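Source file: my_file.cif. Holds: mmCIF, C-alpha atoms and all ligand atoms.
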```cif
data_start
loop_
_atom_site.label_atom_id
_atom_site.label_comp_id
_atom_site.auth_asym_id
_atom_site.auth_seq_id
_atom_site.Cartn_x
_atom_site.Cartn_y
_atom_site.Cartn_z
CA MET A 1 -11.64 7.09 13.31
CA SER A 2 -8.94 4.44 13.04
CA SER A 3 -6.84 3.74 9.96
CA ARG A 4 -6.15 0.29 11.37
CA LEU A 5 -8.28 -1.99 9.18
CA PRO A 6 -7.00 -5.55 9.81
CA GLY A 7 -7.43 -7.89 6.86
CA PHE A 8 -8.29 -4.98 4.54
CA TYR A 9 -6.12 -6.44 1.77
CA LYS A 10 -8.10 -9.67 1.77
CA LEU A 11 -11.44 -7.98 0.98
CA ASP A 12 -12.88 -7.44 -2.49
CA PRO A 13 -12.84 -3.86 -3.87
CA ASP A 14 -16.54 -3.23 -3.12
CA THR A 15 -16.23 -4.27 0.51
CA ARG A 16 -13.00 -2.30 0.84
CA LEU A 17 -14.73 0.83 -0.40
CA GLU A 18 -17.57 0.29 2.09
CA ARG A 19 -15.08 -0.16 4.94
CA VAL A 20 -13.18 2.97 3.95
CA LEU A 21 -16.32 5.10 3.71
CA GLU A 22 -17.46 3.75 7.06
CA ALA A 23 -14.08 4.21 8.79
CA ALA A 24 -13.71 7.79 7.54
CA ALA A 25 -17.41 8.53 8.22
CA LEU A 26 -17.89 9.74 4.64
CA ASP A 27 -21.21 10.04 2.84
CA PRO A 28 -21.71 6.67 1.05
CA ALA A 29 -22.79 8.67 -2.04
CA LEU A 30 -19.15 9.73 -2.34
CA GLY A 31 -18.32 6.10 -3.15
CA SER A 32 -19.25 6.55 -6.79
CA SER A 33 -16.45 9.14 -7.13
CA TRP A 34 -13.92 6.31 -7.17
CA ARG A 35 -15.92 4.41 -9.77
CA GLU A 36 -17.85 5.54 -12.83
CA GLY A 37 -18.59 8.87 -11.15
CA GLY A 38 -14.96 9.91 -11.65
CA LEU A 39 -13.74 12.30 -14.30
CA SER A 40 -16.33 12.69 -17.07
CA LEU A 41 -15.37 13.29 -20.68
CA GLU A 42 -17.02 16.67 -20.50
CA LEU A 43 -14.86 17.74 -17.54
CA ALA A 44 -11.73 16.26 -19.11
CA ASP A 45 -12.42 18.28 -22.24
CA ARG A 46 -12.43 21.43 -20.12
CA MET A 47 -9.16 20.56 -18.42
CA ILE A 48 -6.71 20.19 -21.30
CA GLU A 49 -6.64 20.49 -25.09
CA ASN A 50 -7.40 17.99 -27.85
CA VAL A 51 -9.10 15.53 -25.48
CA VAL A 52 -10.08 12.18 -26.95
CA GLY A 53 -10.74 10.30 -23.70
CA THR A 54 -9.55 9.67 -20.16
CA PHE A 55 -6.98 7.28 -18.67
CA ARG A 56 -7.50 5.10 -15.62
CA LEU A 57 -5.05 3.99 -12.95
CA PRO A 58 -5.75 1.98 -9.80
CA THR A 59 -6.53 3.84 -6.57
CA GLY A 60 -5.45 1.90 -3.50
CA VAL A 61 -5.87 2.98 0.12
CA ALA A 62 -2.88 2.68 2.44
CA VAL A 63 -4.02 1.74 5.94
CA ASN A 64 -2.45 2.12 9.39
CA MET A 65 -0.96 5.59 8.91
CA LEU A 66 -0.71 7.67 12.06
CA VAL A 67 0.61 11.19 11.46
CA ASN A 68 0.93 13.64 14.35
CA GLY A 69 -1.33 11.41 16.40
CA ARG A 70 -4.10 11.40 13.77
CA ASP A 71 -5.18 8.24 11.97
CA VAL A 72 -5.34 8.77 8.25
CA LEU A 73 -6.40 6.58 5.32
CA VAL A 74 -4.22 7.49 2.36
CA PRO A 75 -5.49 7.24 -1.22
CA MET A 76 -2.68 6.35 -3.64
CA VAL A 77 -2.94 6.38 -7.43
CA VAL A 78 -0.18 4.19 -8.84
CA GLU A 79 0.47 1.39 -11.31
CA GLU A 80 3.32 -0.32 -9.41
CA PRO A 81 2.59 -3.36 -7.21
CA SER A 82 3.87 -3.45 -3.60
CA VAL A 83 3.80 0.33 -3.14
CA VAL A 84 0.48 0.59 -1.28
CA ALA A 85 1.17 -2.59 0.71
CA ALA A 86 4.61 -1.34 1.78
CA VAL A 87 3.20 1.90 3.22
CA GLY A 88 0.52 0.01 5.16
CA ASN A 89 3.04 -2.52 6.49
CA MET A 90 5.56 0.09 7.60
CA ALA A 91 2.79 2.24 9.08
CA ARG A 92 1.59 -0.78 11.09
CA ILE A 93 5.05 -1.05 12.65
CA ALA A 94 5.40 2.71 13.14
CA ARG A 95 2.04 3.16 14.87
CA GLN A 96 3.23 0.90 17.68
CA ALA A 97 5.88 3.54 18.34
CA GLY A 98 3.56 6.55 18.07
CA GLY A 99 3.54 6.84 14.27
CA PHE A 100 5.10 9.70 12.29
CA GLN A 101 5.75 13.19 13.60
CA ALA A 102 5.57 15.72 10.78
CA SER A 103 5.76 19.47 10.27
CA SER A 104 5.65 21.88 7.36
CA ASP A 105 6.61 25.44 6.47
CA ALA A 106 4.07 28.03 5.39
CA SER A 107 3.08 27.60 1.72
CA VAL A 108 5.72 30.01 0.45
CA MET A 109 6.54 29.71 -3.24
CA ILE A 110 9.37 31.56 -4.99
CA GLY A 111 8.79 33.71 -8.07
CA GLN A 112 11.70 34.70 -10.31
CA ILE A 113 12.02 37.80 -12.48
CA GLU A 114 15.15 37.84 -14.60
CA LEU A 115 16.96 40.96 -15.77
CA ARG A 116 19.12 39.79 -18.64
CA ASP A 117 22.49 41.03 -19.99
CA VAL A 118 22.67 43.61 -17.24
CA ARG A 119 25.37 46.26 -17.78
CA ASP A 120 26.18 46.98 -14.13
CA PRO A 121 24.73 44.33 -11.79
CA ALA A 122 25.69 46.05 -8.52
CA ALA A 123 24.15 49.36 -9.68
CA THR A 124 21.01 47.51 -10.83
CA VAL A 125 20.62 45.88 -7.42
CA ALA A 126 21.21 49.24 -5.73
CA ALA A 127 18.55 50.83 -7.93
CA LEU A 128 16.00 48.13 -7.05
CA GLU A 129 16.60 47.92 -3.30
CA PRO A 130 14.68 51.09 -2.30
CA HIS A 131 11.64 49.85 -4.28
CA VAL A 132 11.26 46.44 -2.65
CA GLU A 133 8.45 47.50 -0.34
CA ARG A 134 6.53 49.22 -3.11
CA LEU A 135 6.99 46.20 -5.40
CA SER A 136 5.66 43.93 -2.63
CA ALA A 137 2.57 46.12 -2.28
CA LEU A 138 2.08 46.08 -6.05
CA GLY A 139 2.32 42.29 -6.04
CA ASP A 140 -0.18 41.97 -3.20
CA ALA A 141 -2.56 44.31 -5.04
CA ARG A 142 -2.79 41.71 -7.83
CA LEU A 143 -4.04 39.08 -5.39
CA PRO A 144 -6.66 40.76 -3.18
CA GLU A 145 -8.46 37.49 -2.44
CA LEU A 146 -5.28 35.76 -1.25
CA VAL A 147 -4.24 38.78 0.80
CA GLY A 148 -7.75 38.96 2.30
CA LEU A 149 -7.35 35.39 3.49
CA GLY A 150 -3.98 36.15 5.10
CA GLY A 151 -1.58 35.21 2.29
CA GLY A 152 0.59 37.42 0.09
CA ILE A 153 4.16 38.50 -0.44
CA ARG A 154 6.55 37.65 2.39
CA GLY A 155 9.70 39.34 1.17
CA MET A 156 12.08 39.73 -1.76
CA GLU A 157 15.70 38.96 -2.49
CA LEU A 158 18.01 40.30 -5.20
CA ARG A 159 20.58 37.93 -6.64
CA ILE A 160 23.48 38.57 -9.03
CA LEU A 161 24.37 35.66 -11.30
CA ARG A 162 26.95 35.25 -14.04
CA TYR A 163 26.60 33.20 -17.18
CA ASP A 164 30.20 32.12 -17.83
CA GLU A 165 30.03 28.91 -19.80
CA PRO A 166 33.54 28.17 -21.12
CA GLY A 167 33.99 29.23 -24.74
CA GLU A 168 30.92 31.53 -24.73
CA GLU A 169 30.50 35.27 -24.28
CA PRO A 170 29.90 35.86 -20.52
CA SER A 171 26.96 37.93 -19.31
CA ASP A 172 25.47 39.16 -16.04
CA LEU A 173 22.00 38.58 -14.70
CA VAL A 174 20.10 40.13 -11.83
CA ILE A 175 17.28 38.00 -10.49
CA LEU A 176 14.54 39.24 -8.24
CA HIS A 177 13.07 36.52 -6.05
CA PHE A 178 9.77 37.22 -4.38
CA PHE A 179 8.28 34.93 -1.76
CA LEU A 180 4.54 34.41 -1.93
CA ASP A 181 2.53 32.67 0.77
CA CYS A 182 -0.10 30.84 -1.29
CA LEU A 183 -1.95 29.46 1.78
CA ASP A 184 -3.86 26.33 0.68
CA ALA A 185 -3.19 26.65 -3.05
CA MET A 186 -0.23 25.14 -4.89
CA GLY A 187 0.10 28.68 -6.17
CA ALA A 188 1.73 28.44 -9.61
CA ASN A 189 -0.85 30.71 -11.24
CA MET A 190 -0.68 33.30 -8.50
CA VAL A 191 3.13 33.40 -8.56
CA ASN A 192 3.19 33.76 -12.34
CA THR A 193 0.54 36.50 -12.22
CA VAL A 194 2.65 38.52 -9.78
CA ALA A 195 5.86 37.88 -11.75
CA GLU A 196 4.30 39.19 -14.95
CA ALA A 197 2.73 42.17 -13.18
CA LEU A 198 6.01 43.29 -11.56
CA ALA A 199 8.24 42.83 -14.61
CA PRO A 200 7.48 46.19 -16.33
CA GLU A 201 8.15 47.98 -13.01
CA LEU A 202 11.60 46.39 -12.84
CA GLU A 203 12.36 47.56 -16.38
CA ALA A 204 11.16 51.08 -15.54
CA ILE A 205 13.30 51.26 -12.38
CA THR A 206 16.50 49.84 -13.85
CA GLY A 207 16.36 50.59 -17.58
CA GLU A 208 17.36 46.94 -18.06
CA ARG A 209 15.54 44.23 -20.03
CA VAL A 210 13.39 41.58 -18.35
CA GLY A 211 13.85 37.98 -19.51
CA LEU A 212 11.77 35.29 -17.81
CA ARG A 213 8.99 35.76 -15.25
CA ILE A 214 8.07 32.44 -13.67
CA LEU A 215 7.90 30.47 -10.40
CA SER A 216 10.77 28.27 -9.22
CA ASN A 217 9.98 24.64 -8.52
CA LEU A 218 12.93 24.51 -6.15
CA ALA A 219 10.41 25.42 -3.45
CA ASP A 220 12.90 25.35 -0.59
CA ARG A 221 10.82 27.74 1.51
CA ARG A 222 7.96 25.26 1.45
CA LEU A 223 9.52 22.21 3.06
CA ALA A 224 7.75 19.39 4.83
CA ARG A 225 9.45 16.98 7.16
CA ALA A 226 8.62 13.79 9.01
CA ARG A 227 10.37 11.68 11.63
CA VAL A 228 9.88 8.21 13.03
CA VAL A 229 11.66 6.38 15.85
CA LEU A 230 11.38 2.59 15.73
CA PRO A 231 12.64 0.51 18.65
CA ALA A 232 14.57 -2.46 17.21
CA GLU A 233 12.17 -5.01 18.70
CA LEU A 234 9.44 -3.76 16.33
CA LEU A 235 11.58 -4.49 13.28
CA GLY A 236 12.51 -8.15 13.62
CA ASP A 237 10.75 -11.17 12.15
CA ALA A 238 11.24 -14.92 12.07
CA ARG A 239 14.32 -14.61 9.89
CA PHE A 240 16.02 -11.36 10.97
CA SER A 241 16.55 -9.80 14.36
CA GLY A 242 15.38 -6.22 14.93
CA ALA A 243 18.99 -5.10 15.36
CA GLU A 244 19.93 -6.69 12.03
CA VAL A 245 17.08 -4.89 10.27
CA ALA A 246 17.88 -1.54 11.91
CA GLU A 247 21.56 -1.77 11.00
CA GLY A 248 20.68 -3.04 7.52
CA VAL A 249 18.47 0.00 6.85
CA ALA A 250 21.08 2.41 8.24
CA GLY A 251 23.75 0.74 6.10
CA ALA A 252 21.54 1.04 3.01
CA TRP A 253 21.17 4.75 3.75
CA ARG A 254 24.94 5.21 4.09
CA PHE A 255 25.35 3.71 0.62
CA ALA A 256 22.86 6.28 -0.75
CA TRP A 257 24.66 9.09 1.06
CA ALA A 258 27.98 8.05 -0.47
CA ASP A 259 26.82 7.37 -4.02
CA PRO A 260 24.55 9.43 -6.31
CA TYR A 261 23.85 6.29 -8.40
CA ARG A 262 22.31 4.68 -5.33
CA ALA A 263 20.78 7.97 -4.06
CA ALA A 264 18.77 8.29 -7.29
CA THR A 265 17.16 4.88 -6.73
CA HIS A 266 16.75 5.54 -3.02
CA ASN A 267 14.89 8.78 -3.80
CA LYS A 268 12.90 7.06 -6.54
CA GLY A 269 11.62 4.74 -3.82
CA ILE A 270 10.59 7.77 -1.74
CA MET A 271 8.74 9.21 -4.74
CA ASN A 272 6.95 5.83 -5.06
CA GLY A 273 5.11 6.95 -1.94
CA VAL A 274 4.95 10.67 -2.61
CA ASP A 275 3.72 10.80 -6.22
CA PRO A 276 0.66 8.53 -5.79
CA VAL A 277 -0.70 10.86 -3.10
CA VAL A 278 0.20 13.95 -5.13
CA ILE A 279 -1.69 12.48 -8.11
CA ALA A 280 -4.65 11.31 -6.00
CA THR A 281 -5.06 14.84 -4.70
CA GLY A 282 -4.97 16.43 -8.15
CA ASN A 283 -1.61 18.05 -7.65
CA ASP A 284 1.25 18.63 -10.10
CA TRP A 285 3.57 15.64 -9.70
CA ARG A 286 6.11 17.05 -12.17
CA ALA A 287 6.54 20.10 -9.92
CA MET A 288 6.89 17.79 -6.93
CA GLU A 289 9.51 15.64 -8.70
CA ALA A 290 11.49 18.63 -10.00
CA GLY A 291 11.53 20.23 -6.55
CA ALA A 292 12.49 17.04 -4.74
CA HIS A 293 15.45 16.21 -6.96
CA ALA A 294 16.74 19.79 -7.17
CA PHE A 295 16.56 19.93 -3.36
CA ALA A 296 18.41 16.59 -3.13
CA ALA A 297 21.24 18.16 -5.16
CA ARG A 298 21.33 21.48 -3.28
CA SER A 299 24.82 20.88 -1.84
CA GLY A 300 26.17 20.36 -5.37
CA VAL A 301 26.15 16.58 -4.88
CA TYR A 302 22.96 14.53 -5.22
CA LYS A 303 22.00 13.13 -1.79
CA PRO A 304 19.20 11.01 -0.28
CA LEU A 305 16.11 12.92 0.88
CA THR A 306 15.88 10.83 4.04
CA THR A 307 18.25 9.88 6.84
CA TRP A 308 18.26 6.55 8.71
CA LYS A 309 20.44 6.04 11.78
CA VAL A 310 20.55 3.70 14.75
CA ASP A 311 20.50 5.66 18.01
CA ARG A 312 22.27 4.77 21.27
CA ALA A 313 19.29 2.76 22.47
CA GLY A 314 19.40 0.70 19.27
CA ALA A 315 16.25 2.32 17.80
CA LEU A 316 16.10 3.09 14.10
CA VAL A 317 15.51 6.82 13.56
CA GLY A 318 14.29 8.02 10.18
CA THR A 319 13.79 11.57 8.92
CA ILE A 320 12.74 13.13 5.65
CA GLU A 321 12.79 16.73 4.44
CA LEU A 322 11.73 17.86 0.98
CA PRO A 323 9.84 20.66 -0.79
CA VAL A 324 6.14 19.74 -0.98
CA GLN A 325 4.36 22.12 -3.34
CA VAL A 326 0.78 20.90 -3.14
CA GLY A 327 -2.58 22.52 -2.57
CA THR A 328 -5.96 21.55 -1.22
CA VAL A 329 -7.91 24.18 -3.19
CA GLY A 330 -8.07 25.48 -6.75
CA GLY A 331 -7.51 24.17 -10.27
CA THR A 332 -7.97 20.45 -10.81
CA LEU A 333 -9.05 20.09 -7.22
CA ARG A 334 -12.19 22.06 -7.88
CA MET A 335 -13.09 20.18 -11.04
CA HIS A 336 -12.21 16.54 -10.46
CA PRO A 337 -14.76 14.56 -8.39
CA THR A 338 -12.30 11.81 -7.43
CA VAL A 339 -9.80 14.39 -6.24
CA ARG A 340 -12.46 15.93 -4.01
CA ALA A 341 -13.29 12.48 -2.66
CA ASN A 342 -9.61 11.73 -1.99
CA ILE A 343 -9.17 14.99 -0.11
CA ALA A 344 -12.30 14.20 1.92
CA LEU A 345 -10.87 10.75 2.71
CA LEU A 346 -7.60 12.27 3.89
CA GLY A 347 -9.61 14.65 6.04
CA VAL A 348 -7.21 17.53 5.35
CA GLN A 349 -8.34 21.16 5.44
CA HIS A 350 -5.01 22.80 4.69
CA ALA A 351 -2.14 22.38 2.26
CA GLY A 352 0.32 22.04 5.15
CA GLU A 353 -1.53 19.02 6.57
CA LEU A 354 -1.46 17.35 3.16
CA ALA A 355 2.27 18.15 2.81
CA GLU A 356 2.94 16.52 6.19
CA ILE A 357 1.08 13.35 5.23
CA ILE A 358 2.97 13.22 1.93
CA ALA A 359 6.32 13.54 3.74
CA ALA A 360 5.33 10.77 6.17
CA VAL A 361 4.22 8.48 3.33
CA GLY A 362 7.54 9.11 1.53
CA LEU A 363 9.42 8.13 4.68
CA ALA A 364 7.27 5.00 5.19
CA GLN A 365 7.76 3.97 1.57
CA ASN A 366 11.51 4.43 1.81
CA LEU A 367 11.61 2.31 4.97
CA GLY A 368 9.65 -0.43 3.20
CA ALA A 369 12.11 -0.52 0.32
CA LEU A 370 15.25 -0.37 2.47
CA LYS A 371 13.96 -2.98 4.92
CA ALA A 372 13.23 -5.37 2.06
CA LEU A 373 16.52 -4.61 0.29
CA ALA A 374 18.51 -5.06 3.51
CA THR A 375 16.87 -8.41 4.30
CA THR A 376 15.11 -10.66 1.80
CA GLY A 377 15.51 -8.47 -1.32
CA ILE A 378 12.50 -6.90 -3.03
CA GLN A 379 11.73 -9.74 -5.41
CA GLU A 380 10.11 -11.92 -2.78
CA GLY A 381 7.31 -9.41 -2.17
CA HIS A 382 6.89 -8.78 -5.89
CA MET A 383 6.73 -12.50 -6.55
CA ARG A 384 4.03 -12.93 -3.92
CA LEU A 385 1.92 -10.33 -5.70
CA HIS A 386 2.69 -11.84 -9.06
CA ALA A 387 1.72 -15.26 -7.69
CA ARG A 388 -1.59 -13.78 -6.60
CA SER A 389 -2.53 -12.71 -10.11
CA VAL A 390 -1.31 -16.07 -11.53
CA ALA A 391 -3.48 -17.84 -8.94
CA VAL A 392 -6.58 -15.82 -9.81
CA GLN A 393 -6.00 -16.33 -13.53
CA ALA A 394 -5.71 -20.07 -12.96
CA GLY A 395 -9.21 -19.99 -11.44
CA ALA A 396 -8.52 -19.87 -7.68
CA ALA A 397 -11.26 -18.19 -5.67
CA GLY A 398 -11.77 -17.15 -2.04
CA PRO A 399 -9.47 -18.96 0.41
CA GLU A 400 -7.94 -20.97 -2.45
CA VAL A 401 -6.02 -17.85 -3.54
CA ALA A 402 -3.86 -17.60 -0.41
CA ALA A 403 -3.24 -21.35 -0.37
CA LEU A 404 -2.25 -21.40 -4.03
CA VAL A 405 0.01 -18.36 -3.60
CA ALA A 406 1.79 -20.11 -0.74
CA ALA A 407 2.26 -23.23 -2.88
CA LEU A 408 3.64 -21.25 -5.84
CA VAL A 409 6.01 -19.22 -3.67
CA ALA A 410 7.27 -22.39 -1.97
CA ALA A 411 7.84 -24.00 -5.38
CA ARG A 412 9.32 -20.73 -6.82
CA ASP A 413 7.41 -21.60 -9.99
CA PHE A 414 4.83 -19.06 -11.18
CA SER A 415 3.87 -20.65 -14.47
CA ASP A 416 0.23 -21.05 -15.42
CA ALA A 417 0.71 -24.81 -15.80
CA ARG A 418 2.09 -25.13 -12.25
CA ALA A 419 -0.73 -22.97 -10.87
CA ARG A 420 -3.39 -25.18 -12.49
CA GLN A 421 -1.66 -28.31 -11.25
CA GLU A 422 -1.40 -27.00 -7.66
CA LEU A 423 -5.01 -25.79 -7.77
CA ALA A 424 -6.19 -29.25 -8.83
CA ALA A 425 -4.17 -30.72 -5.94
CA LEU A 426 -5.73 -28.25 -3.48
CA ARG A 427 -9.17 -29.23 -4.67
CA GLY A 428 -8.37 -32.84 -3.97
CA GLY A 429 -7.18 -33.85 -7.42
CA SER A 430 -3.69 -35.13 -8.06
CA ALA A 431 -0.76 -32.75 -8.41
C1 LIG B 1 11.37 0.32 -6.92
O1 LIG B 1 10.29 0.98 -7.55
C2 LIG B 1 11.95 1.21 -5.83
C3 LIG B 1 13.23 0.67 -5.16
O2 LIG B 1 14.22 0.40 -6.15
C4 LIG B 1 13.69 1.74 -4.21
C5 LIG B 1 15.06 1.47 -3.60
O3 LIG B 1 15.88 0.78 -4.23
O4 LIG B 1 15.29 2.01 -2.50
C6 LIG B 1 12.98 -0.63 -4.44
#
```

Render the structure in this file as structure tokens.
Amino acid sequence: MSSRLPGFYKLDPDTRLERVLEAAALDPALGSSWREGGLSLELADRMIENVVGTFRLPTGVAVNMLVNGRDVLVPMVVEEPSVVAAVGNMARIARQAGGFQASSDASVMIGQIELRDVRDPAATVAALEPHVERLSALGDARLPELVGLGGGIRGMELRILRYDEPGEEPSDLVILHFFLDCLDAMGANMVNTVAEALAPELEAITGERVGLRILSNLADRRLARARVVLPAELLGDARFSGAEVAEGVAGAWRFAWADPYRAATHNKGIMNGVDPVVIATGNDWRAMEAGAHAFAARSGVYKPLTTWKVDRAGALVGTIELPVQVGTVGGTLRMHPTVRANIALLGVQHAGELAEIIAAVGLAQNLGALKALATTGIQEGHMRLHARSVAVQAGAAGPEVAALVAALVAARDFSDARARQELAALRGGSA
């Protein structure tokens, strides 16, 4: 299948859905999952508490993505204009250079068990060390299904921390980290099950008191990464040379590296790509956000999650690395028909594949934002989209829409009155 669907954006939603189903060779019956066949009230009522209804957001499909040599159509659930278009546009450029190369770690989540107000931290660690293997076996025993499939505990680590906030009574903490390979699940429930099961053992071994037992969303053992190399000649347009664009993007990245105020916005742009796919696939976008930003600050200073540099040959080289804690099985994924359809559209079998696509989409999105910021500014693209809705509201239909948008953009006037006037002119009336 090819994710290259020229003119996709010009189609109406029904035709787009047909094209997507056809391109991904999906059962046409699945089509209703994106429409009224989505989340029913009955299912919603089983998902959370106090349900009174459901909430809709647009699903768009980003075209042109090529990740590890595989064409992929990417469903994105998002309210912000330009996001889906930017991924498709950047992916169209990238595919001419082989697309995105991505990789991911095993799905290893971290669980934390806290021993609080510990009297002798070093002695507590020494007491726990000989039990690590037994504790791992106990943890695995709580998850026979996962272990049967090849997942389970992949090690433990003991950490001594000190609470020493100025002006307060200091105290010592010993934290046991366990690493759980959750395979294709996001894994929060499994991690928390193991944490709660092991806690009484830790108390029995040490005679100390357990505090919290919970996963860490700083999932830095579950990273995904993507890379793209774009020869400068692919980046230019009528107004800017490829070299200008490449250097502009690299310069924008250097600003983000040097300044947390800019890095926050830079990373927000990355999450513009990441979150819509995380949501479309029924995953926990708060976990994803928390992990991404904590990882960005891991050096003690908040940094961009991507890098953009111009290499010796003048090509723009982009990379991204971030924790991607998503699953392709379990929880919402089992219940929500649209989530199942989105996963089928992506054609992913494993959490790692999904993580790699998410990393690549984050990188593409970031490139779209930086390229626009470094050249025309982002308002031009936004205005074009805004002009489109003004044109439709003024009554433009079919080919009139594009012509009216062009007229409004040229006039830099997006008022309803101007749109009606220009439309009358297009139809042969007087402007
Ligand atoms: C807007 O949603 C995202 C951007 O601000 C990202 C960026 O500045 O890099 C355009």

Close residues to ligand LIG 1 (chain B) using only C-alpha atoms and all ligand atoms, limit 6 Å, as an mmCIF file with C-alpha atoms, keeping the file's coordinate frame:
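The resulting selection16.cif:
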```cif
data_model
loop_
_atom_site.group_PDB
_atom_site.id
_atom_site.type_symbol
_atom_site.label_atom_id
_atom_site.label_comp_id
_atom_site.auth_asym_id
_atom_site.auth_seq_id
_atom_site.Cartn_x
_atom_site.Cartn_y
_atom_site.Cartn_z
ATOM 1 C CA THR A 265 17.160 4.880 -6.730
ATOM 2 C CA HIS A 266 16.750 5.540 -3.020
ATOM 3 C CA LYS A 268 12.900 7.060 -6.540
ATOM 4 C CA GLY A 269 11.620 4.740 -3.820
ATOM 5 C CA ALA A 369 12.110 -0.520 0.320
ATOM 6 C CA LEU A 370 15.250 -0.370 2.470
#
```

Gap from CA of Val401 in chain A to CA of Ala387 in chain A - Å, one decimal
9.2 Å

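Proximity to Pro323 in chain A was assessed for A:Leu202, A:Leu183, A:Ile110, A:Ala232 counting all atoms listed in the file; the smallest distance is recorded for A:Ile110.
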
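Pairwise distance (CA of Gly151 in chain A, CA of Asp184 in chain A) equals 9.3 Å.
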
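CA of Ala224 in chain A lies 6.0 Å from CA of Ala355 in chain A.
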
Within 12 Å of Ile343 in chain A, counting all atoms listed in the file, which residues qualify if same-chain residues fewer than 5 places away don't, as JSON, numbers by chain?
{"A": [24, 26, 30, 33, 72, 73, 74, 75, 76, 277, 278, 279, 280, 281, 282, 283, 326, 327, 328, 329, 333, 334, 336, 337, 338, 348, 349, 350, 351, 353, 354, 357]}

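Counting all atoms listed in the file, the residue from A:Gly60, A:Pro399, A:Pro144, A:Pro81 that sits nearest to Arg384 in chain A is A:Pro81.
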
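Proximity ranking of A:Asn89, A:Ala188, A:Gln379, A:Val274 relative to Gly330 in chain A places A:Ala188 first, based on only C-alpha atoms.
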
Residue contacts of Leu57 in chain A (9 Å, all atoms listed in the file) excluding same-chain residues fewer than 5 positions away, as a PyMOL selection string:
chain A and resi 77-79

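Among the candidates A:Arg298, A:Ala391, A:Phe179, A:Leu235, the one nearest to Ala417 in chain A when counting all atoms listed in the file is A:Ala391.
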
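Restricting the calculation to all atoms listed in the file, the smallest distance between Ser104 in chain A and any of A:Ala406, A:Val87, A:Leu223, A:Ala424 is found for A:Leu223.
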
Contacts of Ser40 in chain A within 12 Å, only C-alpha atoms, excl. fewer than 5 positions in-chain, as a PyMOL selection string:
chain A and resi 33+35+45-47+51-56+335-338

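The closest residue to Tyr163 in chain A, picked from A:Ala141, A:Val118, A:Met190, A:Leu149 and counting all atoms listed in the file, is A:Val118.
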
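Distance cut-off 9 Å, centre (10.5, 14.7, -2.9), atoms counted all atoms listed in the file; the residues meeting this are Asn267, Lys268, Ile270, Met271, Val274, Asp275, Met288, Glu289, Ala290, Gly291, Ala292, His293, Phe295, Ala296, Leu305, Ile320, Glu321, Leu322, Pro323, Val324, Ala359 and Gly362 of chain A.
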
Would you list the contacts of Arg154 in chain A as a ChimeraX atom specification, taking every protein, DNA or RNA residue within 10 Å and counting all atoms listed in the file, but skipping same-chain residues closer than 4 positions in sequence?
/A:108-110,136,140,178-181
